[in-house]
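Quick look at model.cif (mmCIF, C-alpha atoms and all ligand atoms):
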```cif
data_coords
loop_
_atom_site.label_atom_id
_atom_site.label_comp_id
_atom_site.auth_asym_id
_atom_site.auth_seq_id
_atom_site.Cartn_x
_atom_site.Cartn_y
_atom_site.Cartn_z
CA MET A 15 73.31 -5.44 10.81
CA ALA A 16 69.57 -5.01 11.14
CA GLU A 17 67.60 -8.18 11.87
CA GLU A 18 65.28 -9.39 9.13
CA PHE A 19 62.04 -11.20 9.85
CA ASP A 20 60.49 -13.64 7.49
CA THR A 21 56.74 -13.31 8.08
CA ASP A 22 56.25 -16.89 6.88
CA LYS A 23 58.51 -18.12 9.67
CA TYR A 24 57.26 -15.67 12.31
CA PRO A 25 53.50 -15.71 11.88
CA HIS A 26 52.69 -14.65 15.45
CA ILE A 27 51.08 -11.24 15.83
CA ASN A 28 50.18 -9.43 19.03
CA GLN A 29 46.80 -7.84 18.44
CA GLY A 30 46.98 -4.24 19.59
CA LEU A 31 50.72 -4.74 20.31
CA ALA A 32 49.66 -6.13 23.70
CA GLY A 33 52.66 -6.98 25.84
CA ILE A 34 55.17 -5.65 23.31
CA VAL A 35 57.99 -3.55 24.76
CA ALA A 36 58.88 -1.14 21.97
CA PHE A 37 60.98 1.52 23.76
CA SER A 38 62.83 2.13 26.98
CA THR A 39 61.88 5.25 28.89
CA THR A 40 62.67 7.18 32.05
CA LYS A 41 59.37 9.08 31.89
CA SER A 42 56.98 6.78 33.71
CA PHE A 43 56.46 3.33 35.18
CA ILE A 44 53.17 1.49 35.69
CA ASP A 45 52.64 -1.57 37.87
CA GLY A 46 49.30 -2.76 36.55
CA GLN A 47 48.87 -5.44 39.22
CA LYS A 48 49.45 -3.13 42.16
CA GLY A 49 47.89 -0.05 40.58
CA GLU A 50 51.05 2.04 40.83
CA LEU A 51 52.10 4.91 38.62
CA ILE A 52 55.45 6.69 38.81
CA TYR A 53 56.62 9.73 36.81
CA ALA A 54 60.43 9.81 36.58
CA GLY A 55 60.85 8.35 40.06
CA TYR A 56 57.95 10.02 41.93
CA THR A 57 54.70 8.26 42.72
CA ILE A 58 51.58 9.88 41.35
CA GLU A 59 50.33 10.31 44.92
CA THR A 60 53.48 12.26 45.88
CA LEU A 61 53.13 14.48 42.84
CA ALA A 62 49.39 14.98 43.35
CA GLU A 63 50.03 16.07 46.91
CA ASN A 64 53.06 18.29 46.38
CA ALA A 65 53.77 19.27 42.79
CA SER A 66 52.43 21.88 40.40
CA PHE A 67 51.80 21.08 36.73
CA GLU A 68 54.79 23.29 35.87
CA GLU A 69 57.06 21.16 38.10
CA VAL A 70 55.71 18.01 36.43
CA CYS A 71 56.50 19.46 33.00
CA PHE A 72 60.07 20.16 34.10
CA LEU A 73 60.31 16.63 35.53
CA LEU A 74 59.11 15.02 32.30
CA TRP A 75 61.46 17.09 30.14
CA ASN A 76 64.54 16.82 32.39
CA ASP A 77 64.04 13.66 34.46
CA ARG A 78 64.50 15.62 37.69
CA LEU A 79 62.64 18.24 39.69
CA PRO A 80 63.60 21.88 39.15
CA ASN A 81 65.25 24.07 41.78
CA GLN A 82 63.47 27.37 42.53
CA GLN A 83 65.34 29.32 39.87
CA GLU A 84 64.67 26.69 37.21
CA LEU A 85 61.00 26.57 38.16
CA ASP A 86 60.74 30.37 38.01
CA ASP A 87 62.47 30.34 34.63
CA LEU A 88 60.12 27.67 33.22
CA THR A 89 57.05 29.41 34.65
CA ARG A 90 58.13 32.71 33.07
CA LYS A 91 58.75 31.06 29.69
CA LEU A 92 55.33 29.40 29.78
CA GLN A 93 53.71 32.72 30.67
CA GLN A 94 55.49 34.46 27.81
CA SER A 95 54.46 31.78 25.33
CA ARG A 96 50.71 31.53 25.94
CA SER A 97 49.47 33.99 23.30
CA LEU A 98 48.61 32.62 19.87
CA PRO A 99 50.00 33.75 16.51
CA GLU A 100 47.52 35.76 14.41
CA PRO A 101 46.96 33.05 11.74
CA VAL A 102 45.95 30.58 14.45
CA LEU A 103 43.61 33.14 16.03
CA ASN A 104 42.10 33.80 12.59
CA TYR A 105 41.59 30.09 12.05
CA ILE A 106 39.84 29.77 15.43
CA ARG A 107 37.64 32.77 14.63
CA ASP A 108 36.77 31.49 11.15
CA THR A 109 36.24 27.79 11.72
CA SER A 110 32.76 26.37 12.18
CA ASP A 111 31.14 26.86 15.60
CA THR A 112 30.03 23.26 15.40
CA ALA A 113 33.53 21.86 14.82
CA GLU A 114 34.70 19.29 17.34
CA PRO A 115 37.05 20.99 19.83
CA MET A 116 39.61 18.16 19.51
CA SER A 117 39.67 18.66 15.74
CA VAL A 118 40.20 22.40 16.19
CA LEU A 119 42.97 21.74 18.70
CA ARG A 120 44.65 19.29 16.33
CA THR A 121 44.55 21.72 13.40
CA ALA A 122 45.63 24.73 15.48
CA VAL A 123 48.62 22.84 16.94
CA SER A 124 49.62 21.79 13.45
CA MET A 125 49.41 25.43 12.34
CA LEU A 126 51.74 26.52 15.16
CA ALA A 127 54.61 24.95 13.20
CA ASP A 128 54.38 27.79 10.66
CA SER A 129 55.41 30.39 13.23
CA HIS A 130 58.38 28.42 14.58
CA GLU A 131 61.84 27.88 13.21
CA VAL A 132 62.40 24.62 11.34
CA ASP A 133 64.13 22.00 13.51
CA THR A 134 67.76 22.41 12.58
CA ASP A 135 69.12 22.58 16.09
CA LYS A 136 69.38 19.18 17.74
CA ALA A 137 70.25 20.55 21.18
CA LYS A 138 68.01 19.40 24.00
CA VAL A 139 67.36 22.97 25.12
CA PHE A 140 65.98 23.82 21.68
CA ARG A 141 63.57 20.89 21.89
CA ILE A 142 62.54 21.81 25.44
CA ASN A 143 61.81 25.37 24.33
CA LYS A 144 59.58 24.01 21.60
CA ALA A 145 57.81 21.78 24.14
CA ILE A 146 57.29 24.85 26.35
CA SER A 147 55.83 26.80 23.45
CA ILE A 148 53.32 24.08 22.50
CA THR A 149 52.38 23.28 26.11
CA ALA A 150 51.80 26.97 26.84
CA LYS A 151 49.54 27.48 23.84
CA MET A 152 47.24 24.47 24.01
CA PRO A 153 45.03 25.80 26.86
CA THR A 154 44.81 29.14 25.02
CA ILE A 155 43.59 27.39 21.85
CA ILE A 156 40.93 25.41 23.73
CA ALA A 157 39.63 28.42 25.67
CA ALA A 158 39.68 30.68 22.59
CA PHE A 159 37.64 28.24 20.52
CA ASP A 160 35.09 27.71 23.28
CA ARG A 161 34.61 31.47 23.66
CA ILE A 162 34.33 32.10 19.93
CA ARG A 163 31.77 29.34 19.41
CA ASN A 164 29.72 30.88 22.21
CA GLY A 165 29.85 34.34 20.63
CA LYS A 166 32.27 35.74 23.22
CA ASP A 167 35.55 37.60 22.88
CA ILE A 168 38.83 35.76 23.21
CA ILE A 169 40.55 36.54 26.51
CA GLU A 170 44.29 37.17 26.62
CA PRO A 171 46.20 35.18 29.26
CA LEU A 172 47.30 36.91 32.44
CA ASP A 173 51.00 37.22 33.28
CA SER A 174 52.35 35.73 36.50
CA LYS A 175 49.69 33.03 36.75
CA SER A 176 49.79 29.24 36.47
CA THR A 177 48.70 27.12 33.51
CA ALA A 178 45.66 25.91 35.48
CA PHE A 179 44.67 29.45 36.51
CA ASN A 180 45.04 30.82 33.01
CA PHE A 181 43.06 28.03 31.38
CA LEU A 182 40.07 28.62 33.67
CA TYR A 183 40.45 32.39 33.38
CA MET A 184 40.60 32.38 29.57
CA LEU A 185 37.70 29.91 29.42
CA ASN A 186 35.32 31.65 31.83
CA GLY A 187 36.42 35.27 31.63
CA GLU A 188 36.80 35.50 35.38
CA GLU A 189 39.65 34.68 37.72
CA PRO A 190 39.22 31.23 39.28
CA GLY A 191 39.28 30.80 43.04
CA GLU A 192 42.19 29.08 44.72
CA GLN A 193 40.33 25.76 45.03
CA ALA A 194 39.30 25.68 41.33
CA GLU A 195 42.88 26.42 40.27
CA LYS A 196 44.13 23.65 42.56
CA THR A 197 41.63 21.13 41.17
CA MET A 198 42.54 21.97 37.56
CA ASP A 199 46.22 21.75 38.45
CA LEU A 200 45.62 18.30 39.96
CA CYS A 201 43.84 17.16 36.77
CA LEU A 202 46.75 18.41 34.67
CA ILE A 203 49.24 16.54 36.88
CA LEU A 204 47.25 13.28 36.80
CA HIS A 205 46.93 13.23 33.00
CA ALA A 206 50.49 14.30 32.15
CA GLU A 207 52.16 10.97 31.42
CA HIS A 208 51.27 7.30 31.14
CA GLY A 209 53.79 5.01 29.50
CA MET A 210 53.35 3.68 26.00
CA ASN A 211 49.69 4.55 25.47
CA ALA A 212 48.40 4.91 21.89
CA SER A 213 48.96 8.67 21.58
CA THR A 214 52.48 8.55 23.05
CA PHE A 215 53.36 5.62 20.80
CA THR A 216 52.03 7.58 17.82
CA GLY A 217 54.15 10.59 18.74
CA ARG A 218 57.28 8.48 19.19
CA ALA A 219 56.69 6.74 15.86
CA ILE A 220 56.40 10.14 14.15
CA CYS A 221 59.51 11.41 15.95
CA SER A 222 61.39 8.31 14.82
CA THR A 223 61.08 9.44 11.19
CA GLU A 224 62.91 12.65 12.26
CA ALA A 225 59.74 14.68 11.70
CA ASP A 226 59.35 17.80 13.86
CA MET A 227 57.68 18.05 17.27
CA PHE A 228 54.56 19.76 15.88
CA SER A 229 53.94 16.79 13.59
CA ALA A 230 54.34 14.39 16.50
CA VAL A 231 52.01 16.32 18.82
CA THR A 232 49.45 16.75 16.03
CA GLY A 233 49.48 12.98 15.47
CA SER A 234 49.22 12.32 19.20
CA ILE A 235 46.16 14.57 19.48
CA GLY A 236 44.55 12.57 16.67
CA ALA A 237 45.25 9.31 18.50
CA LEU A 238 43.99 10.66 21.83
CA LYS A 239 40.67 11.75 20.32
CA GLY A 240 39.23 8.23 20.00
CA PRO A 241 36.76 6.98 22.64
CA LEU A 242 38.97 3.99 23.52
CA HIS A 243 41.68 6.45 24.60
CA GLY A 244 41.21 10.09 25.71
CA GLY A 245 37.76 10.44 24.20
CA ALA A 246 36.39 8.20 26.95
CA ASN A 247 35.98 11.05 29.48
CA GLN A 248 33.52 12.88 27.23
CA ALA A 249 31.69 9.60 26.60
CA VAL A 250 31.41 8.99 30.37
CA MET A 251 29.75 12.37 30.87
CA ASN A 252 27.41 11.83 27.95
CA MET A 253 26.43 8.49 29.49
CA LEU A 254 25.66 10.10 32.88
CA LEU A 255 23.67 12.88 31.19
CA GLU A 256 21.75 10.32 29.14
CA ILE A 257 20.86 8.44 32.34
CA GLU A 258 19.67 11.75 33.81
CA ASP A 259 17.68 12.76 30.71
CA LYS A 260 15.91 9.43 30.41
CA GLY A 261 15.39 9.09 34.14
CA ASP A 262 17.01 5.63 33.93
CA ASP A 263 18.25 3.60 36.81
CA PRO A 264 22.07 3.64 36.44
CA VAL A 265 22.48 0.01 37.50
CA GLU A 266 19.88 -1.22 35.00
CA TYR A 267 21.37 1.04 32.32
CA ILE A 268 24.80 -0.56 32.79
CA LYS A 269 23.42 -4.09 32.92
CA GLU A 270 21.57 -3.50 29.66
CA ARG A 271 24.72 -2.23 28.03
CA LEU A 272 26.71 -5.21 29.18
CA ALA A 273 23.96 -7.59 28.06
CA GLY A 274 24.17 -5.94 24.62
CA LYS A 275 27.98 -6.56 24.62
CA GLU A 276 28.58 -2.82 24.68
CA LYS A 277 31.56 -1.32 26.43
CA VAL A 278 31.07 1.05 29.31
CA MET A 279 33.34 4.02 28.87
CA GLY A 280 35.75 4.92 31.66
CA PHE A 281 36.28 1.27 32.61
CA GLY A 282 38.98 -1.22 31.80
CA HIS A 283 42.61 -0.80 30.92
CA ARG A 284 45.25 -2.65 28.95
CA VAL A 285 47.77 -2.38 31.80
CA TYR A 286 45.87 -2.00 35.10
CA LYS A 287 44.30 -5.10 36.53
CA THR A 288 43.12 -3.16 39.56
CA MET A 289 41.88 0.39 40.07
CA ASP A 290 43.88 3.00 38.17
CA PRO A 291 45.60 5.11 40.88
CA ARG A 292 44.52 8.27 39.05
CA ALA A 293 40.90 7.13 39.34
CA ARG A 294 41.42 6.69 43.09
CA LEU A 295 42.61 10.29 43.39
CA LEU A 296 39.90 11.70 41.13
CA ARG A 297 37.20 9.73 42.93
CA LYS A 298 37.86 11.77 46.10
CA GLU A 299 37.83 15.01 44.12
CA SER A 300 34.63 14.05 42.33
CA LYS A 301 32.92 13.27 45.65
CA ARG A 302 33.92 16.60 47.19
CA LEU A 303 33.16 18.74 44.15
CA SER A 304 29.87 17.06 43.21
CA LYS A 305 28.61 17.67 46.73
CA GLU A 306 29.75 21.30 46.75
CA THR A 307 28.17 22.09 43.40
CA GLY A 308 24.87 20.25 43.80
CA HIS A 309 25.75 17.36 41.50
CA GLU A 310 25.88 14.73 44.22
CA GLU A 311 23.43 12.54 42.32
CA LEU A 312 25.89 12.21 39.43
CA TYR A 313 28.58 11.14 41.86
CA ASN A 314 26.25 8.63 43.52
CA TRP A 315 25.39 7.17 40.11
CA SER A 316 29.10 6.90 39.35
CA GLU A 317 29.58 4.86 42.50
CA ALA A 318 26.62 2.64 41.60
CA ILE A 319 28.06 2.11 38.11
CA LEU A 320 31.46 1.29 39.60
CA GLU A 321 29.93 -1.34 41.87
CA THR A 322 27.93 -2.83 39.00
CA MET A 323 30.99 -3.04 36.73
CA LYS A 324 32.94 -4.72 39.52
CA SER A 325 30.25 -7.26 40.36
CA GLU A 326 29.17 -7.99 36.78
CA LYS A 327 32.53 -7.93 34.96
CA ASP A 328 35.25 -7.45 37.59
CA ILE A 329 36.42 -4.38 35.69
CA ASP A 330 37.72 -1.26 37.46
CA PRO A 331 37.46 2.39 36.47
CA ASN A 332 40.27 4.20 34.68
CA VAL A 333 41.33 7.86 34.79
CA ASP A 334 38.49 8.94 32.52
CA PHE A 335 35.66 7.80 34.77
CA PHE A 336 35.79 10.27 37.65
CA SER A 337 37.50 13.07 35.72
CA ALA A 338 34.21 13.51 33.85
CA THR A 339 32.22 14.51 36.96
CA VAL A 340 35.14 16.60 38.24
CA TYR A 341 35.12 18.72 35.05
CA TYR A 342 31.32 18.81 34.96
CA SER A 343 31.19 20.10 38.52
CA MET A 344 33.61 22.83 37.46
CA GLY A 345 31.11 23.92 34.81
CA ILE A 346 33.18 22.72 31.84
CA LYS A 347 31.38 21.42 28.75
CA PRO A 348 31.84 17.68 28.07
CA ASP A 349 33.29 18.15 24.59
CA LEU A 350 36.28 19.99 26.12
CA TYR A 351 37.29 17.15 28.45
CA THR A 352 39.51 15.34 25.96
CA CYS A 353 41.12 18.67 25.05
CA ILE A 354 42.06 19.16 28.71
CA PHE A 355 43.57 15.67 28.67
CA ALA A 356 45.61 16.70 25.61
CA ALA A 357 46.67 20.02 27.20
CA SER A 358 48.15 17.99 30.03
CA ARG A 359 49.48 14.95 28.13
CA VAL A 360 51.44 17.21 25.78
CA SER A 361 54.04 17.39 28.56
CA GLY A 362 54.48 13.61 28.41
CA TRP A 363 54.31 13.48 24.60
CA THR A 364 57.05 16.08 24.26
CA GLY A 365 59.12 14.40 26.99
CA HIS A 366 58.94 11.18 24.99
CA TYR A 367 59.75 13.08 21.78
CA ILE A 368 62.94 14.43 23.36
CA GLU A 369 63.84 10.98 24.66
CA GLN A 370 63.19 9.32 21.30
CA ALA A 371 65.10 11.98 19.36
CA GLU A 372 68.15 11.50 21.56
CA ASN A 373 68.35 7.77 20.96
CA ASN A 374 66.46 7.25 17.75
CA ARG A 375 65.80 4.31 15.54
CA LEU A 376 63.07 4.36 12.90
CA VAL A 377 59.87 2.67 14.12
CA ARG A 378 59.11 0.14 11.43
CA PRO A 379 57.33 -3.05 12.51
CA ARG A 380 56.13 -5.75 10.13
CA ALA A 381 52.66 -6.90 9.15
CA LEU A 382 51.59 -10.47 8.53
CA TYR A 383 50.30 -10.56 4.95
CA THR A 384 47.02 -12.48 4.75
CA GLY A 385 46.02 -11.59 1.19
CA GLU A 386 46.33 -13.47 -2.12
CA LYS A 387 49.55 -13.77 -4.12
CA ASN A 388 50.36 -13.93 -7.83
CA LEU A 389 46.85 -13.25 -9.13
CA ASP A 390 46.43 -12.97 -12.89
CA TRP A 391 45.65 -9.50 -14.21
CA VAL A 392 42.03 -9.11 -15.39
CA PRO A 393 41.33 -6.20 -17.79
CA VAL A 394 38.81 -3.73 -16.35
CA GLU A 395 36.09 -4.60 -18.89
CA ASP A 396 36.24 -8.25 -17.83
CA ARG A 397 35.85 -7.72 -14.05
N1 LIG B 1 33.14 -2.27 29.31
C1 LIG B 1 32.75 -3.54 29.14
N2 LIG B 1 33.59 -4.54 28.90
C2 LIG B 1 34.88 -4.25 28.85
C3 LIG B 1 35.36 -2.97 29.02
C4 LIG B 1 34.45 -1.94 29.26
N3 LIG B 1 34.85 -0.70 29.42
N4 LIG B 1 36.70 -2.97 28.92
C5 LIG B 1 37.05 -4.22 28.67
N5 LIG B 1 35.96 -5.02 28.62
C6 LIG B 1 35.91 -6.45 28.36
C7 LIG B 1 35.90 -6.68 26.88
O1 LIG B 1 34.61 -6.70 26.35
C8 LIG B 1 36.59 -8.00 26.80
O2 LIG B 1 35.68 -9.00 27.16
P1 LIG B 1 35.69 -10.41 26.41
O3 LIG B 1 37.03 -11.01 26.70
O4 LIG B 1 34.55 -11.13 27.02
O5 LIG B 1 35.51 -10.11 24.95
C9 LIG B 1 37.63 -7.92 27.91
O6 LIG B 1 37.11 -7.02 28.86
C10 LIG B 1 38.99 -7.41 27.44
O7 LIG B 1 38.76 -6.14 26.79
P2 LIG B 1 39.63 -5.60 25.60
O8 LIG B 1 38.89 -4.48 24.94
O9 LIG B 1 40.08 -6.72 24.73
O10 LIG B 1 40.88 -5.07 26.38
P3 LIG B 1 41.95 -4.09 25.80
O11 LIG B 1 43.13 -4.21 26.66
O12 LIG B 1 42.13 -4.31 24.35
O13 LIG B 1 41.22 -2.69 25.93
C11 LIG B 1 40.40 -0.66 26.68
C12 LIG B 1 41.45 -1.75 26.89
C13 LIG B 1 40.76 0.54 27.55
C14 LIG B 1 40.40 -0.23 25.22
C15 LIG B 1 39.02 -1.21 27.08
O14 LIG B 1 39.00 -1.55 28.43
C16 LIG B 1 37.90 -0.23 26.76
O15 LIG B 1 37.44 -0.18 25.62
N6 LIG B 1 37.45 0.58 27.76
C17 LIG B 1 36.46 1.61 27.50
C18 LIG B 1 37.11 2.85 26.91
C19 LIG B 1 37.91 3.61 27.92
O16 LIG B 1 37.47 3.86 29.03
N7 LIG B 1 39.09 4.05 27.50
C20 LIG B 1 39.99 4.85 28.35
C21 LIG B 1 41.22 4.06 28.67
S1 LIG B 1 42.19 4.75 30.03
C22 LIG B 1 42.62 6.33 29.57
C23 LIG B 1 43.42 6.40 28.33
O17 LIG B 1 44.48 5.81 28.20
O18 LIG B 1 43.00 7.11 27.43
#
```
Starting from the file, lay out its structure as structure tokens.
Ligand code: CMC
Amino acid sequence: MAEEFDTDKYPHINQGLAGIVAFSTTKSFIDGQKGELIYAGYTIETLAENASFEEVCFLLWNDRLPNQQELDDLTRKLQQSRSLPEPVLNYIRDTSDTAEPMSVLRTAVSMLADSHEVDTDKAKVFRINKAISITAKMPTIIAAFDRIRNGKDIIEPLDSKSTAFNFLYMLNGEEPGEQAEKTMDLCLILHAEHGMNASTFTGRAICSTEADMFSAVTGSIGALKGPLHGGANQAVMNMLLEIEDKGDDPVEYIKERLAGKEKVMGFGHRVYKTMDPRARLLRKESKRLSKETGHEELYNWSEAILETMKSEKDIDPNVDFFSATVYYSMGIKPDLYTCIFAASRVSGWTGHYIEQAENNRLVRPRALYTGEKNLDWVPVEDR
């Protein structure tokens, strides 16, 4: 028998669902006090050092690492699934050049549903194949839109190459070097999964209605877009570029923002009370890359901002802070950063979808009603 809550008797609400445990999961674990992140048993440091994005996808969909044959099989399936259906290509060609890339990604992913079978098969393998198909196509969508809006031809993916390689290749029209591929692969690994964040929660809520995976991923992309979630990385870069444009002192810039009660993007987290371990890993990458590509000043400003946020507010950076300068040093435009986040996080979203679908109960919380009751009807001419 389902429990019933009387909102008169249970008036407590948790703003932003803070501290509420809504699901159990085997996908990831976060220790916010220690700054630890684990994907299905493996620390993020272990994965960053040893894994490929493809292995992380397998891990998040199967809760274990693949053997060589399984990895080869997944890699081949991803490679075979990268090309986009013609209607999606037409949409990307026809949509406005000034459209927001995250909006284009959201619409294109939603359109992918039309070229897939309706979910009748409840077998896990069927769901994993759908996850492979969406994960394979998201980098192609992002790269295709960026090329079209810049008046360039869309580039077909190359066979026998990784997700990271193909994304950079389709984006830039030239094969990336080993180091660039490795850095992109690291970024994809670090963004793949992160507990019950807003976009994953959204996807699980959609899944819980027994809606299809495309609907869930489309909803998750919408949730990720906001600046309090995945949109923060783009906002961080815009902030650094604004400091550069205006010739501002970064420390003064941050102090002014804080004095005006404004938030500084790329800082703070609902769960971490210390530095996000992904920020620690990206910090090193940002330092190396910024130096190599002549953007050392941006990195130095980032460090100055970090120190100021720590001393003024005792707030640490999150994943979005240093990823911004990493992508910028790779020559990627700021409005694509959140799309890259999505192209990685889709592995976690779909892992959660599979998990939710296998042990589902409709997500249906309650709201505390604070409006009037039993008002008398007033005819429109008397209002
Ligand atoms: N800059 C300035 N003050 C901040 C910041 C920040 N980035 N983050 C938190 N605070 C302050 C906030 O003003 C509040 O102060 P007070 O108690 O004096 O009003 C206090 O810290 C608690 O903040 P909150 O917004 O109530 O905390 P939350 O758990 O609801 O929000 C957050 C978490 C991530 C939305 C918030 O830290 C934030 O807005 N950060 C900036 C956006 C950002 O970087 N988002 C990316 C999050 S990590 C990647 C992801 O999951 O997408």
Show which residues sit within 10 Å of segment 160-165 of chain A, as a PyMOL selection string. Count all atoms listed in the file, and ignore same-chain residues fewer than 6 positions away.
chain A and resi 106-113+115+154+184-187+347+349-350
I need the residue nearest Asp45 of chain A from this list: A:Phe179, A:Leu312, A:Thr223, A:Thr57. Use all atoms listed in the file for the distance.
A:Thr57
Kindly compile the residues surrounding ligand LIG 1 (chain B) within 8 Å, counting only C-alpha atoms and all ligand atoms, and format them as a ChimeraX atom specification.
/A:30,32,208,211-212,238,241-247,272,275-285,323,327,329,331-335
Counting all atoms listed in the file, closest pick from A:Met344, A:Leu254, A:Val123, A:Val102 relative to Trp315 of chain A is A:Leu254
Report the distance between atom CA of Pro99 of chain A and atom CA of Ser66 of chain A in Å, rounded to one decimal place.
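Taking atom CA of Pro99 of chain A as the start and atom CA of Ser66 of chain A as the end point, the length is 26.8 Å.
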To one decimal place, how far is atom CA of Glu224 of chain A from atom CA of Ala371 of chain A in Å?
7.5 Å
May I have the residues within 10 Å of Ile142 of chain A as a list in words, using only C-alpha atoms and disregarding those fewer than 4 positions away in the same chain?
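Here the answer would be Cys71, Phe72, Trp75, Asn76, Ala137, Lys138, Ile146, Ser147, Ile148, Thr364, Gly365, Tyr367 and Ile368 of chain A.
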Include C-alpha atoms and write out the residues we just selected as an mmCIF file, in the frame of the given file.
```
data_model
loop_
_atom_site.group_PDB
_atom_site.id
_atom_site.type_symbol
_atom_site.label_atom_id
_atom_site.label_comp_id
_atom_site.auth_asym_id
_atom_site.auth_seq_id
_atom_site.Cartn_x
_atom_site.Cartn_y
_atom_site.Cartn_z
ATOM 1 C CA CYS A 71 56.500 19.460 33.000
ATOM 2 C CA PHE A 72 60.070 20.160 34.100
ATOM 3 C CA TRP A 75 61.460 17.090 30.140
ATOM 4 C CA ASN A 76 64.540 16.820 32.390
ATOM 5 C CA ALA A 137 70.250 20.550 21.180
ATOM 6 C CA LYS A 138 68.010 19.400 24.000
ATOM 7 C CA ILE A 146 57.290 24.850 26.350
ATOM 8 C CA SER A 147 55.830 26.800 23.450
ATOM 9 C CA ILE A 148 53.320 24.080 22.500
ATOM 10 C CA THR A 364 57.050 16.080 24.260
ATOM 11 C CA GLY A 365 59.120 14.400 26.990
ATOM 12 C CA TYR A 367 59.750 13.080 21.780
ATOM 13 C CA ILE A 368 62.940 14.430 23.360
#
```
Please put the answer as lines of an AutoDock Vina configuration file: centre and edge lengths, in Å with one decimal, of a box along x, y and z that encloses all listed atoms of segment 155-165 of chain A plus 3 Å on each side.
```
center_x = 36.7
center_y = 29.9
center_z = 22.5
size_x = 19.9
size_y = 14.9
size_z = 12.3
```
Nearest to Ile220 of chain A by atom-to-atom distance, counting all atoms listed in the file, from A:Arg378, A:Lys387, A:His26, A:Lys260
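Of the candidates, the smallest distance to Ile220 of chain A is held by A:Arg378.
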Pick out the residues sitting within 12 Å of Leu255 of chain A, and hand them over as an NGL selection string; count all atoms listed in the file, and ignore anything fewer than 2 positions along from it in its own chain.
:A and (248-253 or 257-262 or 264 or 309 or 311-313 or 315-316 or 338-339 or 342 or 347-348)
Measure the distance from atom CA of Glu100 of chain A to atom CA of Glu131 of chain A in Å and round it to one decimal.
16.4 Å
Tell me which protein, DNA and RNA residues are within 9 Å of Ala178 of chain A, counting only C-alpha atoms, leaving out same-chain ones fewer than 3 positions away, and put them as a list of chain:residue names.
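These residues fall inside the cut-off: A:Phe67, A:Pro153, A:Lys175, A:Phe181, A:Leu182, A:Tyr183, A:Ala194, A:Glu195, A:Lys196, A:Thr197, A:Met198, A:Asp199, A:Leu200, A:Leu202.
Distances here use all atoms listed in the file; by that measure, the residue among A:Met227, A:Leu85, A:Leu103, A:Met116 closest to Gln370 of chain A is A:Met227.
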Looking at A:Ile34, A:Ile346, A:Val394, A:Ala237, which one is nearest to Trp363 of chain A, with distances taken over all atoms listed in the file?
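For Trp363 of chain A, the nearest of the given residues is A:Ala237.
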Return the single residue from A:Lys91, A:Lys41, A:Lys151, A:His205 that is closest to Tyr351 of chain A, with distances computed using all atoms listed in the file.
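Nearest candidate to Tyr351 of chain A out of A:Lys91, A:Lys41, A:Lys151, A:His205: A:His205.
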Show me the residues around (58.4, 10.1, 20.7) - criterion: an atom at most 12 Å away, all atoms listed in the file counted - as a tab-separated table (two decimals) with C-alpha atoms, in the frame of the given file.
```
chain	number	residue	atom	x	y	z
A	36	ALA	CA	58.88	-1.14	21.97
A	37	PHE	CA	60.98	1.52	23.76
A	38	SER	CA	62.83	2.13	26.98
A	39	THR	CA	61.88	5.25	28.89
A	41	LYS	CA	59.37	9.08	31.89
A	209	GLY	CA	53.79	5.01	29.50
A	210	MET	CA	53.35	3.68	26.00
A	211	ASN	CA	49.69	4.55	25.47
A	212	ALA	CA	48.40	4.91	21.89
A	213	SER	CA	48.96	8.67	21.58
A	214	THR	CA	52.48	8.55	23.05
A	215	PHE	CA	53.36	5.62	20.80
A	216	THR	CA	52.03	7.58	17.82
A	217	GLY	CA	54.15	10.59	18.74
A	218	ARG	CA	57.28	8.48	19.19
A	219	ALA	CA	56.69	6.74	15.86
A	220	ILE	CA	56.40	10.14	14.15
A	221	CYS	CA	59.51	11.41	15.95
A	222	SER	CA	61.39	8.31	14.82
A	223	THR	CA	61.08	9.44	11.19
A	224	GLU	CA	62.91	12.65	12.26
A	225	ALA	CA	59.74	14.68	11.70
A	226	ASP	CA	59.35	17.80	13.86
A	227	MET	CA	57.68	18.05	17.27
A	228	PHE	CA	54.56	19.76	15.88
A	229	SER	CA	53.94	16.79	13.59
A	230	ALA	CA	54.34	14.39	16.50
A	231	VAL	CA	52.01	16.32	18.82
A	233	GLY	CA	49.48	12.98	15.47
A	234	SER	CA	49.22	12.32	19.20
A	360	VAL	CA	51.44	17.21	25.78
A	361	SER	CA	54.04	17.39	28.56
A	362	GLY	CA	54.48	13.61	28.41
A	363	TRP	CA	54.31	13.48	24.60
A	364	THR	CA	57.05	16.08	24.26
A	365	GLY	CA	59.12	14.40	26.99
A	366	HIS	CA	58.94	11.18	24.99
A	367	TYR	CA	59.75	13.08	21.78
A	368	ILE	CA	62.94	14.43	23.36
A	369	GLU	CA	63.84	10.98	24.66
A	370	GLN	CA	63.19	9.32	21.30
A	371	ALA	CA	65.10	11.98	19.36
A	372	GLU	CA	68.15	11.50	21.56
A	373	ASN	CA	68.35	7.77	20.96
A	374	ASN	CA	66.46	7.25	17.75
A	375	ARG	CA	65.80	4.31	15.54
A	376	LEU	CA	63.07	4.36	12.90
A	377	VAL	CA	59.87	2.67	14.12
```
Using only C-alpha atoms, which residues sit within 8 Å of Ile155 of chain A once same-chain residues fewer than 5 positions away are excluded, as a PyMOL selection string?
chain A and resi 98+106+119+122
